[in-house]
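Data from target-v8.txt: compact mmCIF, C-alpha atoms
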```txt
# COMPACT_ATOMS: atom_id res chain seq x y z
CA MET A 1 70.12 83.40 102.54
CA THR A 2 71.83 85.26 105.41
CA SER A 3 75.26 86.80 104.98
CA PRO A 4 78.19 84.97 106.58
CA GLN A 5 80.01 86.48 109.54
CA PHE A 6 83.46 86.29 107.92
CA SER A 7 84.80 86.62 104.39
CA VAL A 8 88.33 85.21 104.18
CA ILE A 9 90.22 87.00 101.39
CA ILE A 10 93.38 85.59 99.81
CA PRO A 11 95.18 87.29 96.86
CA VAL A 12 97.36 85.00 94.70
CA LYS A 13 98.94 84.87 91.28
CA LYS A 14 97.69 81.31 90.84
CA LEU A 15 96.78 78.38 93.05
CA ASN A 16 100.01 77.11 94.60
CA ASN A 17 101.01 74.15 96.74
CA TYR A 18 100.88 76.05 100.05
CA LEU A 19 97.38 77.28 99.26
CA THR A 20 95.90 73.99 98.07
CA SER A 21 97.62 71.65 100.54
CA GLU A 22 97.56 73.82 103.69
CA THR A 23 95.62 77.09 103.59
CA ILE A 24 92.35 75.91 102.07
CA PRO A 25 92.22 72.58 104.00
CA ALA A 26 92.92 74.44 107.27
CA LEU A 27 90.16 76.93 106.51
CA LEU A 28 87.69 74.15 105.71
CA LYS A 29 88.41 72.53 109.09
CA GLN A 30 87.61 75.63 111.15
CA THR A 31 85.64 75.11 114.36
CA TYR A 32 83.58 78.19 113.42
CA SER A 33 81.48 77.54 110.32
CA ASP A 34 79.86 80.87 109.40
CA TYR A 35 82.27 82.07 106.72
CA GLU A 36 83.13 82.16 103.03
CA ILE A 37 86.49 82.03 101.24
CA ILE A 38 87.34 84.40 98.38
CA ILE A 39 90.50 83.76 96.35
CA ILE A 40 91.55 86.32 93.73
CA THR A 41 93.84 84.95 91.02
CA ASP A 42 95.47 86.31 87.87
CA LYS A 43 93.62 83.93 85.57
CA PRO A 44 90.45 81.80 85.67
CA CYS A 45 90.71 78.51 87.57
CA LEU A 46 88.52 75.43 87.10
CA LYS A 47 89.17 73.95 90.55
CA LYS A 48 86.35 74.12 93.08
CA TYR A 49 86.37 73.99 96.85
CA SER A 50 83.62 74.07 99.44
CA LYS A 51 82.67 77.55 100.71
CA THR A 52 85.11 79.01 98.16
CA THR A 53 84.75 81.48 95.31
CA ILE A 54 87.71 81.91 92.96
CA ILE A 55 87.68 85.25 91.14
CA PRO A 56 90.03 85.98 88.24
CA SER A 57 91.29 89.55 87.92
CA TRP A 58 91.78 91.20 84.57
CA PRO A 59 94.03 92.90 83.89
CA GLN A 60 96.35 91.13 86.32
CA LEU A 61 96.33 93.08 89.58
CA GLY A 62 98.73 93.51 92.48
CA PRO A 63 98.00 92.27 96.03
CA SER A 64 96.38 95.54 97.18
CA ASP A 65 94.04 95.63 94.19
CA LYS A 66 93.12 91.98 94.68
CA ARG A 67 92.31 92.47 98.35
CA ASN A 68 90.12 95.45 97.44
CA LEU A 69 88.37 93.36 94.80
CA GLY A 70 87.83 90.57 97.30
CA ALA A 71 86.41 93.05 99.81
CA LYS A 72 84.05 94.41 97.18
CA MET A 73 82.75 90.90 96.40
CA ALA A 74 82.60 89.82 100.07
CA LYS A 75 79.25 89.01 101.64
CA GLY A 76 80.56 88.75 105.18
CA LYS A 77 80.32 91.38 107.89
CA ILE A 78 84.01 91.01 108.74
CA LEU A 79 86.90 90.72 106.28
CA ALA A 80 89.58 88.20 107.28
CA PHE A 81 92.90 88.71 105.50
CA ILE A 82 95.50 85.95 105.29
CA ASP A 83 98.39 85.22 102.89
CA ASP A 84 98.60 82.30 100.49
CA ASP A 85 101.77 81.00 102.19
CA SER A 86 100.03 80.85 105.58
CA TYR A 87 97.46 78.62 107.23
CA PRO A 88 95.26 79.26 110.27
CA SER A 89 94.92 77.32 113.50
CA PRO A 90 91.69 75.27 113.71
CA ASP A 91 89.98 77.84 115.97
CA TRP A 92 91.27 80.94 114.12
CA LEU A 93 87.83 82.25 113.18
CA GLU A 94 86.28 81.20 116.48
CA GLN A 95 88.90 83.11 118.47
CA ALA A 96 88.41 86.22 116.31
CA HIS A 97 84.64 85.91 116.74
CA ASN A 98 85.07 85.73 120.53
CA VAL A 99 87.04 88.99 120.55
CA TYR A 100 84.40 90.75 118.47
CA GLN A 101 81.71 89.45 120.82
CA LYS A 102 83.51 90.74 123.92
CA LEU A 103 84.86 94.08 122.65
CA SER A 104 83.67 96.95 120.53
CA VAL A 105 86.53 97.07 118.02
CA SER A 106 87.03 97.59 114.31
CA ALA A 107 89.90 95.18 113.74
CA VAL A 108 91.56 92.24 115.47
CA CYS A 109 94.81 90.45 114.77
CA GLY A 110 97.14 87.81 116.17
CA PRO A 111 100.60 86.26 115.89
CA SER A 112 101.97 84.51 112.82
CA LEU A 113 104.16 81.61 113.90
CA THR A 114 106.83 79.70 111.99
CA PRO A 115 105.37 76.33 110.88
CA PRO A 116 107.04 73.30 112.48
CA ASN A 117 107.62 71.71 109.06
CA ASP A 118 109.62 74.66 107.66
CA SER A 119 113.20 73.97 106.55
CA ILE A 120 116.14 74.97 108.74
CA TYR A 121 116.72 77.96 106.46
CA GLN A 122 113.13 79.07 106.97
CA LYS A 123 113.32 78.43 110.71
CA ALA A 124 116.45 80.56 110.88
CA SER A 125 114.47 83.38 109.26
CA GLY A 126 111.66 82.73 111.74
CA TYR A 127 114.00 83.29 114.69
CA VAL A 128 115.01 86.65 113.26
CA TRP A 129 111.33 87.66 113.33
CA SER A 130 110.46 86.12 116.69
CA THR A 131 113.43 87.10 118.89
CA TRP A 132 113.54 90.37 120.85
CA PHE A 133 116.87 91.38 119.30
CA GLY A 134 116.13 90.26 115.77
CA SER A 135 112.69 91.79 115.24
CA GLY A 136 113.36 95.19 116.79
CA GLY A 137 110.65 97.68 115.89
CA ALA A 138 108.26 95.11 114.44
CA GLY A 139 107.70 93.66 117.91
CA THR A 140 108.10 90.03 118.84
CA TYR A 141 104.37 89.84 119.54
CA ARG A 142 103.79 89.65 115.80
CA CYS A 143 105.62 86.33 115.62
CA THR A 144 105.25 84.89 119.13
CA PRO A 145 102.09 84.86 121.29
CA GLN A 146 102.21 87.65 123.86
CA ALA A 147 99.75 89.57 126.02
CA SER A 148 96.68 91.13 124.43
CA ARG A 149 97.10 94.81 123.54
CA LYS A 150 95.97 97.68 121.35
CA VAL A 151 98.04 98.19 118.19
CA ASP A 152 97.99 100.71 115.37
CA ASP A 153 99.84 98.76 112.67
CA TYR A 154 99.54 95.11 111.66
CA PRO A 155 100.24 93.00 108.56
CA THR A 156 97.54 91.35 106.47
CA VAL A 157 98.93 87.88 107.10
CA ASN A 158 96.55 87.77 110.09
CA LEU A 159 94.18 90.72 110.17
CA PHE A 160 90.39 91.04 110.58
CA VAL A 161 88.55 94.27 109.73
CA LYS A 162 84.85 95.12 109.84
CA LYS A 163 83.70 95.55 106.25
CA SER A 164 81.87 98.80 107.02
CA ASP A 165 85.03 100.36 108.47
CA PHE A 166 87.16 99.01 105.63
CA ARG A 167 84.89 100.77 103.16
CA HIS A 168 85.02 104.01 105.13
CA THR A 169 88.81 104.02 104.83
CA GLY A 170 88.59 103.62 101.06
CA GLY A 171 90.33 100.23 101.27
CA PHE A 172 93.96 99.51 100.56
CA ASN A 173 95.98 102.24 98.90
CA LEU A 174 97.00 100.92 95.49
CA LYS A 175 100.24 102.91 95.57
CA PHE A 176 101.77 100.68 98.21
CA TRP A 177 103.04 97.12 98.32
CA PRO A 178 104.31 96.18 100.78
CA GLY A 179 102.99 98.64 103.33
CA GLU A 180 99.36 98.85 102.23
CA ASP A 181 98.39 97.30 105.56
CA THR A 182 100.33 99.96 107.50
CA GLU A 183 98.49 102.70 105.66
CA LEU A 184 95.10 101.00 106.17
CA CYS A 185 95.68 100.60 109.92
CA HIS A 186 96.77 104.23 110.14
CA LYS A 187 93.44 105.32 108.62
CA LEU A 188 91.46 103.03 110.93
CA VAL A 189 93.13 104.30 114.11
CA TYR A 190 93.93 107.94 113.40
CA LEU A 191 91.25 108.98 110.90
CA LEU A 192 88.26 106.85 111.94
CA HIS A 193 89.39 106.65 115.59
CA GLN A 194 88.77 102.91 115.73
CA LYS A 195 90.55 100.25 117.77
CA ILE A 196 92.73 97.34 116.62
CA ILE A 197 93.15 94.62 119.22
CA TYR A 198 95.92 92.02 119.17
CA ASP A 199 94.93 88.69 120.74
CA PRO A 200 97.51 85.88 121.17
CA ASN A 201 94.87 83.18 120.55
CA ILE A 202 94.21 84.28 116.96
CA VAL A 203 97.01 82.24 115.40
CA VAL A 204 98.20 81.62 111.87
CA TYR A 205 101.32 79.78 110.72
CA HIS A 206 103.36 81.71 108.18
CA HIS A 207 106.08 80.11 106.05
CA ARG A 208 109.24 82.22 106.20
CA ARG A 209 111.54 83.26 103.38
CA PRO A 210 114.65 81.04 103.58
CA VAL A 211 117.94 82.68 104.49
CA TYR A 212 119.96 84.32 103.19
CA LYS A 213 118.94 85.75 99.81
CA GLN A 214 115.14 85.51 99.88
CA HIS A 215 114.96 86.68 103.47
CA LEU A 216 117.14 89.73 102.80
CA VAL A 217 115.22 90.65 99.64
CA GLN A 218 112.00 90.67 101.68
CA ILE A 219 113.64 92.67 104.49
CA SER A 220 114.87 95.24 101.97
CA ARG A 221 111.35 95.80 100.63
CA TYR A 222 109.90 96.15 104.12
CA ALA A 223 112.64 98.55 105.25
CA LEU A 224 112.33 100.71 102.13
CA HIS A 225 108.62 101.24 102.76
CA ARG A 226 109.01 101.62 106.51
CA GLY A 227 111.55 104.37 105.94
CA TYR A 228 109.19 106.07 103.50
CA PHE A 229 106.30 105.77 105.96
CA ALA A 230 108.51 107.16 108.74
CA ARG A 231 108.38 110.42 106.79
CA ILE A 232 104.75 110.44 105.62
CA LEU A 233 103.13 108.47 108.50
CA PRO A 234 105.39 109.21 111.48
CA ARG A 235 102.78 108.24 114.08
CA THR A 236 103.17 104.56 113.28
CA SER A 237 106.59 104.37 111.62
CA LEU A 238 108.91 107.01 113.10
CA ARG A 239 109.68 104.90 116.17
CA ILE A 240 112.91 104.09 117.90
CA GLY A 241 112.66 100.37 117.13
CA TYR A 242 112.63 101.07 113.41
CA LEU A 243 115.43 103.65 113.70
CA ILE A 244 117.91 101.53 115.66
CA PRO A 245 119.25 99.46 112.68
CA SER A 246 120.03 102.66 110.77
CA MET A 247 121.67 104.18 113.84
CA PHE A 248 123.73 101.01 114.30
CA LEU A 249 124.79 101.00 110.64
CA ILE A 250 125.91 104.64 110.80
CA ASN A 251 127.77 103.97 114.04
CA LEU A 252 129.46 100.91 112.52
CA ILE A 253 130.66 102.89 109.50
CA LEU A 254 131.89 105.81 111.59
CA SER A 255 133.69 103.65 114.15
CA PHE A 256 135.43 101.74 111.35
CA TYR A 257 136.36 105.01 109.63
CA PHE A 258 137.86 106.54 112.78
CA PHE A 259 139.71 103.33 113.56
CA ILE A 260 141.27 103.28 110.08
CA GLN A 261 142.11 106.97 110.25
CA HIS A 262 143.58 107.07 113.77
CA GLY A 263 144.50 103.44 114.42
CA ASN A 264 143.26 103.42 117.99
CA PRO A 265 139.98 102.57 119.75
CA ASN A 266 137.28 105.24 119.84
CA PRO A 267 134.08 105.66 121.89
CA LEU A 268 131.95 104.49 118.98
CA LEU A 269 133.52 101.05 119.22
CA ALA A 270 131.87 100.66 122.64
CA ILE A 271 128.46 100.64 120.92
CA ASP A 272 129.69 98.01 118.47
CA CYS A 273 130.87 95.90 121.41
CA LEU A 274 127.51 96.29 123.14
CA TYR A 275 125.79 95.14 119.93
CA LEU A 276 128.05 92.09 119.83
CA VAL A 277 127.21 91.20 123.44
CA LEU A 278 123.47 91.48 122.77
CA LEU A 279 123.83 89.38 119.62
CA VAL A 280 125.63 86.65 121.60
CA ILE A 281 122.89 86.69 124.26
CA CYS A 282 120.25 86.40 121.54
CA SER A 283 122.20 83.53 120.00
CA PHE A 284 122.11 81.64 123.31
CA GLU A 285 118.36 82.25 123.50
CA ILE A 286 117.88 80.78 120.03
CA PHE A 287 120.00 77.71 120.83
CA ILE A 288 118.06 77.05 124.05
CA ASN A 289 114.84 77.09 122.04
CA CYS A 290 115.88 75.07 119.00
CA LYS A 291 118.74 72.87 120.34
CA ASN A 292 120.27 73.06 116.87
CA LEU A 293 123.71 74.61 116.31
CA ARG A 294 123.21 75.03 112.56
CA ILE A 295 119.92 76.90 112.94
CA THR A 296 121.51 79.01 115.69
CA THR A 297 124.46 79.93 113.46
CA LEU A 298 122.22 80.74 110.49
CA SER A 299 119.88 82.81 112.66
CA THR A 300 122.67 84.76 114.35
CA THR A 301 124.42 85.72 111.12
CA THR A 302 121.07 86.55 109.52
CA ILE A 303 120.16 88.88 112.40
CA PHE A 304 123.36 90.85 111.80
CA LEU A 305 122.78 90.98 108.02
CA THR A 306 119.12 91.88 108.57
CA HIS A 307 120.10 94.89 110.68
CA ILE A 308 122.60 96.04 108.06
CA TYR A 309 120.15 95.67 105.18
CA TYR A 310 117.25 97.14 107.13
CA GLY A 311 119.34 100.07 108.31
CA TYR A 312 120.44 100.93 104.79
CA TYR A 313 117.07 100.56 103.07
CA PHE A 314 115.22 102.43 105.83
CA ILE A 315 117.45 105.46 105.19
CA LEU A 316 116.97 105.05 101.45
CA GLY A 317 113.20 104.90 101.85
CA PHE A 318 113.12 107.91 104.17
CA PHE A 319 114.81 110.09 101.56
CA THR A 320 112.91 108.69 98.57
CA PRO A 321 110.58 111.45 97.31
CA HIS A 322 107.93 109.13 95.90
CA LEU A 323 107.62 105.38 96.42
CA GLU A 324 105.46 103.22 94.16
CA ASP A 325 104.03 99.72 94.43
CA GLN A 326 106.94 97.25 94.27
CA HIS A 327 104.72 94.45 92.84
```
Render the structure in this file as structure tokens.
Amino acid sequence: MTSPQFSVIIPVKKLNNYLTSETIPALLKQTYSDYEIIIITDKPCLKKYSKTTIIPSWPQLGPSDKRNLGAKMAKGKILAFIDDDSYPSPDWLEQAHNVYQKLSVSAVCGPSLTPPNDSIYQKASGYVWSTWFGSGGAGTYRCTPQASRKVDDYPTVNLFVKKSDFRHTGGFNLKFWPGEDTELCHKLVYLLHQKIIYDPNIVVYHHRRPVYKQHLVQISRYALHRGYFARILPRTSLRIGYLIPSMFLINLILSFYFFIQHGNPNPLLAIDCLYLVLLVICSFEIFINCKNLRITTLSTTTIFLTHIYYGYYFILGFFTPHLEDQH
């Protein structure tokens, strides 16, 4: 029996509604058929699906460990990573296969879009990720289809890696979650000197964390690790887009302080005014796209809160001596 081209790897605690009603059915309807599905759970599961192997982990492992276990068990030549709260477009594997056929690359990736059936609170979160002003350093191309390009950092919600190269990197670093994907991509690009290509046709749909609480908790985790990586992996993380929220937060605090102390406008307030103008422009962009005032209001306020939270936790992460897996 020949090995499949792709091994789709999904780490989960247990089979959930997203996985069983969306992810697995979408994978089983792929236009490209040469693949297997590997799901790593906390405990044994009696359910069976076509093309699917369900592997229990013991002791219970974190996401990085589970992905490494899935990669170890994979028979495919290429590892396809996707999250359990995401589902691929029908030609997801076919589009990835086409890129590998055309280009000599180690890894390929594509955008993760907000599903049309998400709630308004999830869609509001989605606009934070997909707008130019909301997403900042992450790049809107991660959440909206844009031109093909080389990248050096990409999340495992939609990431393909040749198994041979994955093994040469040593796999995911068990110290990190989230951020294990950032560290893996860094090793691929800067240690193995391999290429990662983003293609807008390789699409998955990723359910967002609803605003405000769940979204901000997720943002805080991401910012904490990005700040930490800005110190230990500056090539991919010490970038102006990731620094701007922290710079804005510091400016906001200082301008407020000087205003309280002196009771008159100061030059720092000009930056706050510029931020407000850009936020209003972004708000108009969101309303034009969604035609929904409630989603627009939720998105706009969430963008502001996201920048505050991200700015604070990025600084905290940067000055944290040692950061462990947050699982």
Exercise. Can you list, as a PyMOL selection string, every protein, DNA or RNA residue that comes within 12 Å of range 187-198 of chain A when you count all atoms listed in the file, leaving out same-chain residues fewer than 6 positions away?
Worked result: chain A and resi 95-96+99-100+102-112+139+141-155+158-173+180-181+233-236
Can you tell me, as an mmCIF file with C-alpha atoms, in the coordinates of the input, what residues are no more than 12 Å from range 43-50 of chain A when counting all atoms listed in the file, ignoring any on the same chain fewer than 6 positions away?
```
data_model
loop_
_atom_site.group_PDB
_atom_site.id
_atom_site.type_symbol
_atom_site.label_atom_id
_atom_site.label_comp_id
_atom_site.auth_asym_id
_atom_site.auth_seq_id
_atom_site.Cartn_x
_atom_site.Cartn_y
_atom_site.Cartn_z
ATOM 1 C CA PRO A 11 95.180 87.290 96.860
ATOM 2 C CA VAL A 12 97.360 85.000 94.700
ATOM 3 C CA LYS A 13 98.940 84.870 91.280
ATOM 4 C CA LYS A 14 97.690 81.310 90.840
ATOM 5 C CA LEU A 15 96.780 78.380 93.050
ATOM 6 C CA ASN A 16 100.010 77.110 94.600
ATOM 7 C CA LEU A 19 97.380 77.280 99.260
ATOM 8 C CA THR A 20 95.900 73.990 98.070
ATOM 9 C CA THR A 23 95.620 77.090 103.590
ATOM 10 C CA ILE A 24 92.350 75.910 102.070
ATOM 11 C CA PRO A 25 92.220 72.580 104.000
ATOM 12 C CA LEU A 27 90.160 76.930 106.510
ATOM 13 C CA LEU A 28 87.690 74.150 105.710
ATOM 14 C CA LYS A 29 88.410 72.530 109.090
ATOM 15 C CA SER A 33 81.480 77.540 110.320
ATOM 16 C CA TYR A 35 82.270 82.070 106.720
ATOM 17 C CA GLU A 36 83.130 82.160 103.030
ATOM 18 C CA ILE A 37 86.490 82.030 101.240
ATOM 19 C CA PRO A 56 90.030 85.980 88.240
ATOM 20 C CA SER A 57 91.290 89.550 87.920
ATOM 21 C CA TRP A 58 91.780 91.200 84.570
ATOM 22 C CA PRO A 59 94.030 92.900 83.890
ATOM 23 C CA GLN A 60 96.350 91.130 86.320
ATOM 24 C CA LEU A 61 96.330 93.080 89.580
#
```
For this session: Just give me the gap between CA of Tyr257 in chain A and CA of Tyr312 in chain A in Å, one decimal is fine.
Result: 17.1 Å
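Separating CA of Arg226 in chain A from CA of Gly179 in chain A is a distance of 7.4 Å.
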Exercise. Interatomic distance between CA of Ile39 in chain A and CA of Ser3 in chain A?
Worked result: 17.8 Å
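Counting only C-alpha atoms, the residue from A:Asp272, A:Asp85, A:Asp42, A:Asp34 that sits nearest to His207 in chain A is A:Asp85.
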Problem set entry | Nearest candidate to Asp199 in chain A (options A:Ala74, A:Phe318, A:His97, A:Asp84; using only C-alpha atoms) | A:His97
For this session: Compile the contact shell of range 90-93 of chain A as a PyMOL selection string: residues with an atom at most 6 Å away, counting all atoms listed in the file, same-chain residues fewer than 3 positions apart removed.
Result: chain A and resi 30-32+96+202
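Using all atoms listed in the file, the nearest neighbour of Ile303 in chain A within the list A:His225, A:His262, A:His186, A:His215 is A:His215.
With distances taken over all atoms listed in the file, A:Gly136 is the one residue among A:Gly136, A:Pro210, A:Pro267, A:Gly227 lying closest to His307 in chain A.
If all atoms listed in the file are the atoms counted, then among A:Gln122, A:Thr320, A:Gln214, A:Thr306 the closest residue to Ser246 in chain A is A:Thr306.
In terms of minimum interatomic distance to Thr52 in chain A, A:Ile9 ranks closest within A:Leu305, A:Ile9, A:Leu249, A:Val277, counting all atoms listed in the file.
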For this session: Would you mind listing what lies within 12 Å of Ile315 in chain A as a list of chain:residue names, with only C-alpha atoms counted and same-chain residues fewer than 5 positions away left out?
Result: A:Ser220, A:Ala223, A:Leu224, A:His225, A:Arg226, A:Gly227, A:Tyr228, A:Phe229, A:Ala230, A:Arg231, A:Leu238, A:Tyr242, A:Leu243, A:Ile244, A:Pro245, A:Ser246, A:Met247, A:Phe248, A:Leu249, A:Ile250, A:Ile308, A:Tyr309, A:Tyr310, A:Thr320
Store the residues of this selection in a file with C-alpha atoms, as an mmCIF file, keeping the file's coordinate frame.
```
data_model
loop_
_atom_site.group_PDB
_atom_site.id
_atom_site.type_symbol
_atom_site.label_atom_id
_atom_site.label_comp_id
_atom_site.auth_asym_id
_atom_site.auth_seq_id
_atom_site.Cartn_x
_atom_site.Cartn_y
_atom_site.Cartn_z
ATOM 1 C CA SER A 220 114.870 95.240 101.970
ATOM 2 C CA ALA A 223 112.640 98.550 105.250
ATOM 3 C CA LEU A 224 112.330 100.710 102.130
ATOM 4 C CA HIS A 225 108.620 101.240 102.760
ATOM 5 C CA ARG A 226 109.010 101.620 106.510
ATOM 6 C CA GLY A 227 111.550 104.370 105.940
ATOM 7 C CA TYR A 228 109.190 106.070 103.500
ATOM 8 C CA PHE A 229 106.300 105.770 105.960
ATOM 9 C CA ALA A 230 108.510 107.160 108.740
ATOM 10 C CA ARG A 231 108.380 110.420 106.790
ATOM 11 C CA LEU A 238 108.910 107.010 113.100
ATOM 12 C CA TYR A 242 112.630 101.070 113.410
ATOM 13 C CA LEU A 243 115.430 103.650 113.700
ATOM 14 C CA ILE A 244 117.910 101.530 115.660
ATOM 15 C CA PRO A 245 119.250 99.460 112.680
ATOM 16 C CA SER A 246 120.030 102.660 110.770
ATOM 17 C CA MET A 247 121.670 104.180 113.840
ATOM 18 C CA PHE A 248 123.730 101.010 114.300
ATOM 19 C CA LEU A 249 124.790 101.000 110.640
ATOM 20 C CA ILE A 250 125.910 104.640 110.800
ATOM 21 C CA ILE A 308 122.600 96.040 108.060
ATOM 22 C CA TYR A 309 120.150 95.670 105.180
ATOM 23 C CA TYR A 310 117.250 97.140 107.130
ATOM 24 C CA THR A 320 112.910 108.690 98.570
#
```
For this session: Skip Val211 in chain A itself and residues of its chain fewer than 2 positions away, then list as number ranges by chain all residues within 10 Å of it, counting all atoms listed in the file.
Result: A: 120-126, 208-209, 213-217, 298-299, 301-302
Generate the coordinates of N, CA and C atoms for range 152-164 of chain A; report them as a PDB file, in the frame of the given file.
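Output file selection39.pdb is given in full below:
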```pdb
ATOM      1  N   ASP A 152      98.424  99.779 116.423  1.00  0.00           N
ATOM      2  CA  ASP A 152      97.990 100.710 115.370  1.00  0.00           C
ATOM      3  C   ASP A 152      98.604 100.370 114.015  1.00  0.00           C
ATOM      4  N   ASP A 153      99.212  99.185 113.932  1.00  0.00           N
ATOM      5  CA  ASP A 153      99.840  98.760 112.670  1.00  0.00           C
ATOM      6  C   ASP A 153      99.963  97.251 112.703  1.00  0.00           C
ATOM      7  N   TYR A 154      99.437  96.572 111.669  1.00  0.00           N
ATOM      8  CA  TYR A 154      99.540  95.110 111.660  1.00  0.00           C
ATOM      9  C   TYR A 154      99.455  94.586 110.239  1.00  0.00           C
ATOM     10  N   PRO A 155     100.214  93.529 109.926  1.00  0.00           N
ATOM     11  CA  PRO A 155     100.240  93.000 108.560  1.00  0.00           C
ATOM     12  C   PRO A 155      99.006  92.160 108.226  1.00  0.00           C
ATOM     13  N   THR A 156      98.731  92.060 106.943  1.00  0.00           N
ATOM     14  CA  THR A 156      97.540  91.350 106.470  1.00  0.00           C
ATOM     15  C   THR A 156      97.697  89.834 106.473  1.00  0.00           C
ATOM     16  N   VAL A 157      98.801  89.323 106.982  1.00  0.00           N
ATOM     17  CA  VAL A 157      98.930  87.880 107.100  1.00  0.00           C
ATOM     18  C   VAL A 157      97.952  87.337 108.141  1.00  0.00           C
ATOM     19  N   ASN A 158      97.481  88.207 109.046  1.00  0.00           N
ATOM     20  CA  ASN A 158      96.550  87.770 110.090  1.00  0.00           C
ATOM     21  C   ASN A 158      95.795  88.975 110.616  1.00  0.00           C
ATOM     22  N   LEU A 159      94.868  89.478 109.824  1.00  0.00           N
ATOM     23  CA  LEU A 159      94.180  90.720 110.170  1.00  0.00           C
ATOM     24  C   LEU A 159      92.695  90.628 109.802  1.00  0.00           C
ATOM     25  N   PHE A 160      91.836  90.987 110.766  1.00  0.00           N
ATOM     26  CA  PHE A 160      90.390  91.040 110.580  1.00  0.00           C
ATOM     27  C   PHE A 160      89.935  92.489 110.657  1.00  0.00           C
ATOM     28  N   VAL A 161      89.061  92.904 109.738  1.00  0.00           N
ATOM     29  CA  VAL A 161      88.550  94.270 109.730  1.00  0.00           C
ATOM     30  C   VAL A 161      87.057  94.241 109.410  1.00  0.00           C
ATOM     31  N   LYS A 162      86.266  94.995 110.169  1.00  0.00           N
ATOM     32  CA  LYS A 162      84.850  95.120 109.840  1.00  0.00           C
ATOM     33  C   LYS A 162      84.712  95.718 108.440  1.00  0.00           C
ATOM     34  N   LYS A 163      83.835  95.112 107.646  1.00  0.00           N
ATOM     35  CA  LYS A 163      83.700  95.550 106.250  1.00  0.00           C
ATOM     36  C   LYS A 163      83.247  97.000 106.163  1.00  0.00           C
ATOM     37  N   SER A 164      82.364  97.423 107.051  1.00  0.00           N
ATOM     38  CA  SER A 164      81.870  98.800 107.020  1.00  0.00           C
ATOM     39  C   SER A 164      83.016  99.792 107.257  1.00  0.00           C
TER      40      SER A 164
END
```
